[in-house]
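J.: So I've got this file, entry15.cif, and it contains mmCIF, C-alpha atoms:
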```cif
data_work
#
loop_
_atom_site.label_atom_id
_atom_site.label_comp_id
_atom_site.auth_asym_id
_atom_site.auth_seq_id
_atom_site.Cartn_x
_atom_site.Cartn_y
_atom_site.Cartn_z
CA MET A 1 29.94 -50.03 78.20
CA ASP A 2 28.74 -53.25 79.85
CA GLN A 3 28.56 -53.97 83.59
CA ILE A 4 31.86 -55.86 83.60
CA GLU A 5 33.67 -52.86 82.15
CA ILE A 6 32.03 -50.53 84.66
CA ALA A 7 33.05 -52.85 87.50
CA ARG A 8 36.65 -52.91 86.29
CA ARG A 9 36.82 -49.16 86.30
CA GLY A 10 35.18 -48.87 89.71
CA ARG A 11 32.70 -46.25 88.61
CA ASP A 12 29.53 -48.04 89.64
CA PRO A 13 28.37 -46.53 92.94
CA VAL A 14 26.61 -49.75 93.98
CA LEU A 15 29.84 -51.71 93.65
CA ARG A 16 31.80 -49.04 95.50
CA GLU A 17 29.31 -49.25 98.36
CA TYR A 18 29.44 -53.05 98.26
CA ASN A 19 33.24 -53.05 98.45
CA ALA A 20 33.18 -50.59 101.35
CA MET A 21 30.62 -52.72 103.19
CA MET A 22 32.65 -55.90 102.66
CA LYS A 23 35.71 -54.17 104.12
CA GLN A 24 33.65 -53.16 107.16
CA ILE A 25 32.44 -56.74 107.56
CA GLU A 26 36.00 -58.07 107.28
CA ARG A 27 37.09 -55.64 110.04
CA GLY A 28 34.23 -56.87 112.22
CA ASP A 29 32.41 -53.56 112.34
CA PRO A 30 28.84 -54.00 113.63
CA MET A 31 26.15 -53.64 110.98
CA HIS A 32 22.39 -53.37 111.09
CA PRO A 33 20.54 -56.17 109.26
CA ARG A 34 18.43 -53.65 107.29
CA GLU A 35 21.58 -51.99 105.96
CA VAL A 36 22.88 -55.32 104.66
CA GLN A 37 19.50 -56.28 103.17
CA ASP A 38 19.21 -52.93 101.41
CA MET A 39 22.65 -53.45 99.86
CA ILE A 40 21.68 -56.96 98.72
CA ASN A 41 18.51 -55.56 97.15
CA ASP A 42 20.49 -52.81 95.38
CA LEU A 43 22.99 -55.33 94.02
CA VAL A 44 20.25 -57.62 92.70
CA SER A 45 18.38 -54.73 91.09
CA GLU A 46 21.58 -53.72 89.26
CA GLY A 47 22.26 -57.31 88.14
CA TYR A 48 25.17 -58.05 90.49
CA ASN A 49 23.82 -61.39 91.69
CA THR A 50 27.24 -62.87 92.49
CA GLN A 51 28.09 -59.99 94.81
CA ALA A 52 24.64 -60.13 96.39
CA ALA A 53 25.09 -63.84 97.12
CA ALA A 54 28.56 -63.22 98.60
CA LEU A 55 27.16 -60.53 100.89
CA ALA A 56 24.29 -62.80 101.93
CA ARG A 57 26.83 -65.48 102.94
CA ALA A 58 29.16 -63.07 104.78
CA GLU A 59 29.63 -63.52 108.51
CA VAL A 60 28.36 -60.17 109.73
CA ASN A 61 28.81 -58.79 113.23
CA TRP A 62 25.18 -57.80 113.76
CA ASP A 63 24.58 -54.52 115.56
CA GLN A 64 22.85 -55.08 118.87
#
```
Represent the structure from my file as structure tokens, please.
T.:
Amino acid sequence: MDQIEIARRGRDPVLREYNAMMKQIERGDPMHPREVQDMINDLVSEGYNTQAAALARAEVNWDQ
């Protein structure tokens, strides 16, 4: 099974975490920069460069 098939079925834990984080960002929940960077690193290491780039461009409410 290739990565596209895994993504369609929602079984990849990295993508589930990414989707949850994007929902938090859309709600405006505060996030710590390290948390976002760790997710970007995880996405890149798993080959999800498009999602990593989208997260890097997201307008995050940074935790203060």
J.: What do you get, as a short mmCIF file (atom, residue, chain, number, x, y, z; two decimals) with C-alpha atoms, in the coordinates of the input, if you spell out every residue that the PyMOL selection byres ((chain A and resi 58) around 12) selects here?
T.:
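Once written, part.cif looks like this:
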```
data_model
loop_
_atom_site.label_atom_id
_atom_site.label_comp_id
_atom_site.auth_asym_id
_atom_site.auth_seq_id
_atom_site.Cartn_x
_atom_site.Cartn_y
_atom_site.Cartn_z
CA TYR A 18 29.44 -53.05 98.26
CA MET A 21 30.62 -52.72 103.19
CA MET A 22 32.65 -55.90 102.66
CA LYS A 23 35.71 -54.17 104.12
CA GLN A 24 33.65 -53.16 107.16
CA ILE A 25 32.44 -56.74 107.56
CA GLU A 26 36.00 -58.07 107.28
CA GLY A 28 34.23 -56.87 112.22
CA MET A 31 26.15 -53.64 110.98
CA PRO A 33 20.54 -56.17 109.26
CA VAL A 36 22.88 -55.32 104.66
CA GLN A 37 19.50 -56.28 103.17
CA ILE A 40 21.68 -56.96 98.72
CA GLN A 51 28.09 -59.99 94.81
CA ALA A 52 24.64 -60.13 96.39
CA ALA A 53 25.09 -63.84 97.12
CA ALA A 54 28.56 -63.22 98.60
CA LEU A 55 27.16 -60.53 100.89
CA ALA A 56 24.29 -62.80 101.93
CA ARG A 57 26.83 -65.48 102.94
CA GLU A 59 29.63 -63.52 108.51
CA VAL A 60 28.36 -60.17 109.73
CA ASN A 61 28.81 -58.79 113.23
CA TRP A 62 25.18 -57.80 113.76
#
```
J.: Go through A:Gly47, A:Asp38, A:Arg16, A:Asp29 one by one, measure the shortest atom-to-atom distance of each to Asp2 in chain A using all atoms listed in the file, and give the residue with the smallest value.
T.: A:Gly47
J.: Using all atoms listed in the file, pick whichever of A:Glu17, A:Thr50, A:Ile4, A:Gly10 has the shortest atom-to-atom distance to Glu35 in chain A.
T.: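 Closest residue, counting all atoms listed in the file: A:Glu17.
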J.: Which residue out of A:Gln3, A:Pro13, A:Asp63, A:Pro30 has the minimum interatomic distance to Asp42 in chain A when only C-alpha atoms are used?
T.: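 Answer, going by the shortest atom-to-atom distance: A:Pro13.
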J.: Add whatever atoms are absent from range 29-48 of chain A to reach N, CA, C and O atoms, and provide the output as a compact mmCIF listing (two decimals), in the frame of the given file.
T.:
```txt
# COMPACT_ATOMS: atom_id res chain seq x y z
N ASP A 29 33.26 -54.68 111.93
CA ASP A 29 32.41 -53.56 112.34
C ASP A 29 30.96 -54.03 112.46
O ASP A 29 30.48 -54.77 111.61
N PRO A 30 30.25 -53.60 113.51
CA PRO A 30 28.84 -54.00 113.63
C PRO A 30 27.98 -53.36 112.54
O PRO A 30 28.21 -52.22 112.14
N MET A 31 27.03 -54.12 112.05
CA MET A 31 26.15 -53.64 110.98
C MET A 31 24.71 -53.97 111.34
O MET A 31 24.43 -54.98 111.96
N HIS A 32 23.82 -53.13 110.88
CA HIS A 32 22.39 -53.37 111.09
C HIS A 32 21.88 -54.27 109.96
O HIS A 32 22.25 -54.08 108.80
N PRO A 33 21.04 -55.26 110.29
CA PRO A 33 20.54 -56.17 109.26
C PRO A 33 19.86 -55.47 108.08
O PRO A 33 19.98 -55.88 106.94
N ARG A 34 19.13 -54.38 108.37
CA ARG A 34 18.43 -53.65 107.29
C ARG A 34 19.43 -53.05 106.30
O ARG A 34 19.19 -53.03 105.10
N GLU A 35 20.55 -52.57 106.81
CA GLU A 35 21.58 -51.99 105.96
C GLU A 35 22.13 -53.03 104.99
O GLU A 35 22.30 -52.76 103.80
N VAL A 36 22.36 -54.23 105.51
CA VAL A 36 22.88 -55.32 104.66
C VAL A 36 21.82 -55.74 103.65
O VAL A 36 22.11 -55.92 102.46
N GLN A 37 20.57 -55.88 104.09
CA GLN A 37 19.50 -56.28 103.17
C GLN A 37 19.29 -55.25 102.08
O GLN A 37 19.08 -55.60 100.92
N ASP A 38 19.36 -53.98 102.42
CA ASP A 38 19.21 -52.93 101.41
C ASP A 38 20.31 -53.03 100.36
O ASP A 38 20.05 -52.85 99.17
N MET A 39 21.54 -53.31 100.80
CA MET A 39 22.65 -53.45 99.86
C MET A 39 22.43 -54.66 98.96
O MET A 39 22.65 -54.60 97.75
N ILE A 40 21.97 -55.77 99.53
CA ILE A 40 21.68 -56.96 98.72
C ILE A 40 20.62 -56.63 97.68
O ILE A 40 20.77 -56.99 96.50
N ASN A 41 19.57 -55.95 98.08
CA ASN A 41 18.51 -55.56 97.15
C ASN A 41 19.04 -54.66 96.04
O ASN A 41 18.68 -54.84 94.87
N ASP A 42 19.90 -53.71 96.38
CA ASP A 42 20.49 -52.81 95.38
C ASP A 42 21.34 -53.59 94.38
O ASP A 42 21.28 -53.36 93.18
N LEU A 43 22.14 -54.52 94.90
CA LEU A 43 22.99 -55.33 94.02
C LEU A 43 22.16 -56.16 93.05
O LEU A 43 22.44 -56.21 91.85
N VAL A 44 21.11 -56.80 93.55
CA VAL A 44 20.25 -57.62 92.70
C VAL A 44 19.56 -56.76 91.65
O VAL A 44 19.51 -57.13 90.47
N SER A 45 19.08 -55.59 92.04
CA SER A 45 18.38 -54.73 91.09
C SER A 45 19.30 -54.24 89.98
O SER A 45 18.85 -53.95 88.87
N GLU A 46 20.61 -54.14 90.27
CA GLU A 46 21.58 -53.72 89.26
C GLU A 46 22.19 -54.90 88.50
O GLU A 46 23.02 -54.71 87.62
N GLY A 47 21.78 -56.12 88.85
CA GLY A 47 22.26 -57.31 88.14
C GLY A 47 23.53 -57.91 88.69
O GLY A 47 24.14 -58.77 88.05
N TYR A 48 23.95 -57.52 89.88
CA TYR A 48 25.17 -58.05 90.49
C TYR A 48 24.81 -59.19 91.45
O TYR A 48 24.99 -59.10 92.66
```
